[in-house]
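Contents: one structure, followed by commentary.
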Amino acid sequence: MPVFPALEGTTFENGELAANVHGDIYEAANAVREAGVRLQLAPVREVSDPVKARMVAFDPYGTRVAIRLIPVSGGITEVRIKAGASGDEGYARRIFREILKNVP
């Protein structure tokens with residue numbers, strides 16, 4: 001479900017952080033890649049098309065991180081992050097802050 005009312009707001013539900021960023025799916029995907037480099041995330045799977053994108057990676061400690069991107073409307077993309085098996089909210093928020101640093 002898209003997070004529409006507060007574009008800057010985030011929600012954490014069922015172990016997954018959801019938030020919107022200003023930028024199309026391609027800009028968001030680039031921001032995710034750049035954040036992954038800074039956070040030393042090693043991608044094991046990347047899938048993308050104009051409808052959605054997904055990256056699964058592991059950090060240096062072996063924690064699995066899954067990031068999904070879904071276009072909501074022109075210029076807005078929903079980002080969903082699940083860090084760890086049951087969802088670590090603090091870590092997911094840290095990853096999201098790194099992604100925001102790279103969004104134009």
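Here, A, B, ... name the chains of the structure tokens in the order displayed, residue numbers run from 1 inside each chain, and ligands are numbered from 1 in the same displayed order.
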*List every residue of segment 19-97 of chain A that DSSP, applied to the backbone of this structure, places in alpha helix (DSSP H), and write the result as a PyMOL selection string.*
chain A and resi 25-38+89-97
Output N, CA and C atoms for every residue in the selection just made, as a CSV table (one decimal), in the first residue's frame.
chain,number,residue,atom,x,y,z
A,25,ILE,N,11.7,6.0,-10.6
A,25,ILE,CA,12.3,4.7,-10.2
A,25,ILE,C,13.7,4.6,-10.5
A,26,TYR,N,14.2,5.3,-11.6
A,26,TYR,CA,15.6,5.2,-12.0
A,26,TYR,C,16.5,6.0,-11.1
A,27,GLU,N,16.0,7.2,-10.7
A,27,GLU,CA,16.7,8.0,-9.7
A,27,GLU,C,16.8,7.3,-8.4
A,28,ALA,N,15.7,6.7,-8.0
A,28,ALA,CA,15.7,5.9,-6.7
A,28,ALA,C,16.6,4.7,-6.8
A,29,ALA,N,16.6,4.0,-7.9
A,29,ALA,CA,17.5,2.9,-8.0
A,29,ALA,C,19.0,3.3,-7.9
A,30,ASN,N,19.3,4.4,-8.5
A,30,ASN,CA,20.7,4.9,-8.4
A,30,ASN,C,21.0,5.3,-7.0
A,31,ALA,N,20.1,5.9,-6.3
A,31,ALA,CA,20.3,6.3,-4.9
A,31,ALA,C,20.5,5.0,-4.0
A,32,VAL,N,19.8,4.0,-4.3
A,32,VAL,CA,19.9,2.7,-3.6
A,32,VAL,C,21.3,2.1,-3.8
A,33,ARG,N,21.8,2.1,-5.1
A,33,ARG,CA,23.1,1.6,-5.4
A,33,ARG,C,24.2,2.4,-4.7
A,34,GLU,N,24.1,3.7,-4.7
A,34,GLU,CA,25.1,4.5,-4.1
A,34,GLU,C,25.1,4.3,-2.5
A,35,ALA,N,23.9,4.2,-2.0
A,35,ALA,CA,23.8,4.0,-0.5
A,35,ALA,C,24.4,2.6,-0.2
A,36,GLY,N,24.2,1.7,-1.0
A,36,GLY,CA,24.7,0.3,-0.8
A,36,GLY,C,26.2,0.3,-0.8
A,37,VAL,N,26.8,1.1,-1.7
A,37,VAL,CA,28.3,1.2,-1.7
A,37,VAL,C,28.8,1.7,-0.4
A,38,ARG,N,28.2,2.8,0.1
A,38,ARG,CA,28.6,3.5,1.3
A,38,ARG,C,28.4,2.6,2.6
A,89,GLU,N,14.1,-2.3,12.6
A,89,GLU,CA,13.6,-1.0,12.2
A,89,GLU,C,14.8,0.1,12.2
A,90,GLY,N,15.6,0.0,13.2
A,90,GLY,CA,16.7,1.0,13.3
A,90,GLY,C,17.7,0.9,12.1
A,91,TYR,N,18.0,-0.3,11.7
A,91,TYR,CA,18.9,-0.5,10.6
A,91,TYR,C,18.2,-0.1,9.3
A,92,ALA,N,16.9,-0.4,9.2
A,92,ALA,CA,16.2,0.0,7.9
A,92,ALA,C,16.1,1.5,7.8
A,93,ARG,N,15.9,2.2,8.9
A,93,ARG,CA,15.9,3.7,8.9
A,93,ARG,C,17.3,4.2,8.5
A,94,ARG,N,18.3,3.6,9.0
A,94,ARG,CA,19.7,4.0,8.7
A,94,ARG,C,19.9,3.9,7.2
A,95,ILE,N,19.5,2.8,6.6
A,95,ILE,CA,19.6,2.6,5.2
A,95,ILE,C,18.8,3.6,4.4
A,96,PHE,N,17.6,3.9,4.9
A,96,PHE,CA,16.8,4.9,4.2
A,96,PHE,C,17.4,6.3,4.2
A,97,ARG,N,18.0,6.6,5.4
A,97,ARG,CA,18.7,8.0,5.4
A,97,ARG,C,19.8,8.0,4.4
*asked:* Please list as a ChimeraX atom specification every residue within 9 Å of segment 49-63 of chain A, counting only C-alpha atoms and excluding residues in the same chain fewer than 4 positions away.
replied: /A:25-26,29,32-33,36,39-45,67-71,83-85
*Secondary structure check, strand (DSSP E) residues of chain A, as JSON, numbers by chain*: {"A": [10, 11, 12, 13, 16, 17, 18, 19, 20, 21, 22, 42, 43, 44, 45, 46, 47, 48, 53, 54, 55, 56, 57, 58, 64, 65, 66, 67, 68, 69, 70, 71, 72, 73, 76, 77, 78, 79, 80, 81, 82, 83]}
Residues from last step as file, N, CA and C atoms, as a short mmCIF file (atom, residue, chain, number, x, y, z; two decimals), in the first residue's frame:
data_model
loop_
_atom_site.label_atom_id
_atom_site.label_comp_id
_atom_site.auth_asym_id
_atom_site.auth_seq_id
_atom_site.Cartn_x
_atom_site.Cartn_y
_atom_site.Cartn_z
N THR A 10 7.54 8.00 7.20
CA THR A 10 7.84 6.59 7.02
C THR A 10 6.94 5.78 7.94
N THR A 11 6.69 4.55 7.55
CA THR A 11 5.96 3.63 8.41
C THR A 11 6.79 2.37 8.55
N PHE A 12 6.58 1.66 9.65
CA PHE A 12 7.26 0.39 9.85
C PHE A 12 6.20 -0.61 10.27
N GLU A 13 5.95 -1.58 9.40
CA GLU A 13 4.90 -2.55 9.63
C GLU A 13 5.35 -3.91 9.12
N GLU A 16 8.95 -4.27 7.91
CA GLU A 16 9.36 -3.59 6.68
C GLU A 16 9.11 -2.09 6.80
N LEU A 17 10.13 -1.30 6.49
CA LEU A 17 9.99 0.15 6.47
C LEU A 17 9.47 0.57 5.10
N ALA A 18 8.50 1.46 5.08
CA ALA A 18 7.96 1.97 3.81
C ALA A 18 7.98 3.49 3.86
N ALA A 19 8.42 4.10 2.77
CA ALA A 19 8.48 5.55 2.67
C ALA A 19 8.50 5.94 1.19
N ASN A 20 8.19 7.20 0.93
CA ASN A 20 8.24 7.71 -0.43
C ASN A 20 9.42 8.65 -0.60
N VAL A 21 10.00 8.65 -1.79
CA VAL A 21 11.06 9.60 -2.13
C VAL A 21 10.63 10.35 -3.38
N HIS A 22 11.11 11.58 -3.48
CA HIS A 22 10.85 12.37 -4.68
C HIS A 22 11.87 11.97 -5.73
N ALA A 42 26.67 -5.92 -0.16
CA ALA A 42 27.09 -6.72 -1.31
C ALA A 42 25.84 -7.29 -1.98
N PRO A 43 25.46 -6.74 -3.15
CA PRO A 43 24.25 -7.24 -3.82
C PRO A 43 24.43 -8.67 -4.30
N VAL A 44 23.41 -9.47 -4.07
CA VAL A 44 23.41 -10.84 -4.60
C VAL A 44 22.34 -10.99 -5.67
N ARG A 45 21.40 -10.03 -5.70
CA ARG A 45 20.37 -10.08 -6.73
C ARG A 45 19.80 -8.68 -6.95
N GLU A 46 19.74 -8.28 -8.22
CA GLU A 46 19.11 -7.02 -8.60
C GLU A 46 18.19 -7.27 -9.77
N VAL A 47 16.95 -6.86 -9.65
CA VAL A 47 15.97 -7.00 -10.72
C VAL A 47 15.27 -5.66 -10.87
N SER A 48 15.17 -5.18 -12.09
CA SER A 48 14.47 -3.90 -12.27
C SER A 48 13.81 -3.83 -13.64
N ALA A 53 11.49 -2.43 -8.90
CA ALA A 53 12.90 -2.82 -8.80
C ALA A 53 13.10 -3.48 -7.45
N ARG A 54 14.06 -4.38 -7.38
CA ARG A 54 14.34 -5.08 -6.12
C ARG A 54 15.83 -5.38 -6.04
N MET A 55 16.38 -5.16 -4.86
CA MET A 55 17.76 -5.52 -4.61
C MET A 55 17.82 -6.32 -3.32
N VAL A 56 18.52 -7.43 -3.36
CA VAL A 56 18.79 -8.23 -2.17
C VAL A 56 20.30 -8.21 -1.98
N ALA A 57 20.72 -7.88 -0.77
CA ALA A 57 22.15 -7.75 -0.49
C ALA A 57 22.44 -8.25 0.92
N PHE A 58 23.73 -8.43 1.20
CA PHE A 58 24.17 -8.79 2.54
C PHE A 58 25.20 -7.76 2.99
N ARG A 64 20.89 -9.95 5.93
CA ARG A 64 20.22 -9.83 4.63
C ARG A 64 19.40 -8.55 4.60
N VAL A 65 19.53 -7.80 3.51
CA VAL A 65 18.79 -6.56 3.30
C VAL A 65 18.06 -6.66 1.97
N ALA A 66 16.74 -6.45 2.00
CA ALA A 66 15.94 -6.45 0.78
C ALA A 66 15.33 -5.07 0.60
N ILE A 67 15.52 -4.49 -0.58
CA ILE A 67 14.99 -3.16 -0.88
C ILE A 67 14.15 -3.26 -2.14
N ARG A 68 12.90 -2.80 -2.04
CA ARG A 68 11.99 -2.79 -3.20
C ARG A 68 11.62 -1.35 -3.52
N LEU A 69 11.53 -1.07 -4.81
CA LEU A 69 11.12 0.25 -5.30
C LEU A 69 9.88 0.07 -6.17
N ILE A 70 8.88 0.91 -5.90
CA ILE A 70 7.62 0.84 -6.64
C ILE A 70 7.22 2.26 -7.04
N PRO A 71 7.07 2.56 -8.33
CA PRO A 71 6.63 3.90 -8.71
C PRO A 71 5.20 4.14 -8.23
N VAL A 72 4.98 5.29 -7.58
CA VAL A 72 3.65 5.63 -7.07
C VAL A 72 2.93 6.53 -8.05
N SER A 73 3.59 7.60 -8.45
CA SER A 73 3.05 8.52 -9.45
C SER A 73 4.23 9.27 -10.04
N ILE A 76 7.44 10.26 -7.95
CA ILE A 76 7.45 9.75 -6.58
C ILE A 76 7.58 8.22 -6.62
N THR A 77 8.49 7.71 -5.81
CA THR A 77 8.73 6.27 -5.76
C THR A 77 8.63 5.80 -4.32
N GLU A 78 7.94 4.70 -4.12
CA GLU A 78 7.86 4.10 -2.79
C GLU A 78 9.06 3.20 -2.58
N VAL A 79 9.70 3.33 -1.43
CA VAL A 79 10.85 2.50 -1.07
C VAL A 79 10.44 1.62 0.10
N ARG A 80 10.69 0.33 -0.02
CA ARG A 80 10.40 -0.62 1.07
C ARG A 80 11.69 -1.34 1.42
N ILE A 81 12.02 -1.33 2.71
CA ILE A 81 13.29 -1.90 3.16
C ILE A 81 13.02 -2.90 4.28
N LYS A 82 13.59 -4.09 4.15
CA LYS A 82 13.54 -5.09 5.22
C LYS A 82 14.97 -5.50 5.51
N ALA A 83 15.40 -5.25 6.74
CA ALA A 83 16.76 -5.57 7.15
C ALA A 83 16.71 -6.68 8.18
#
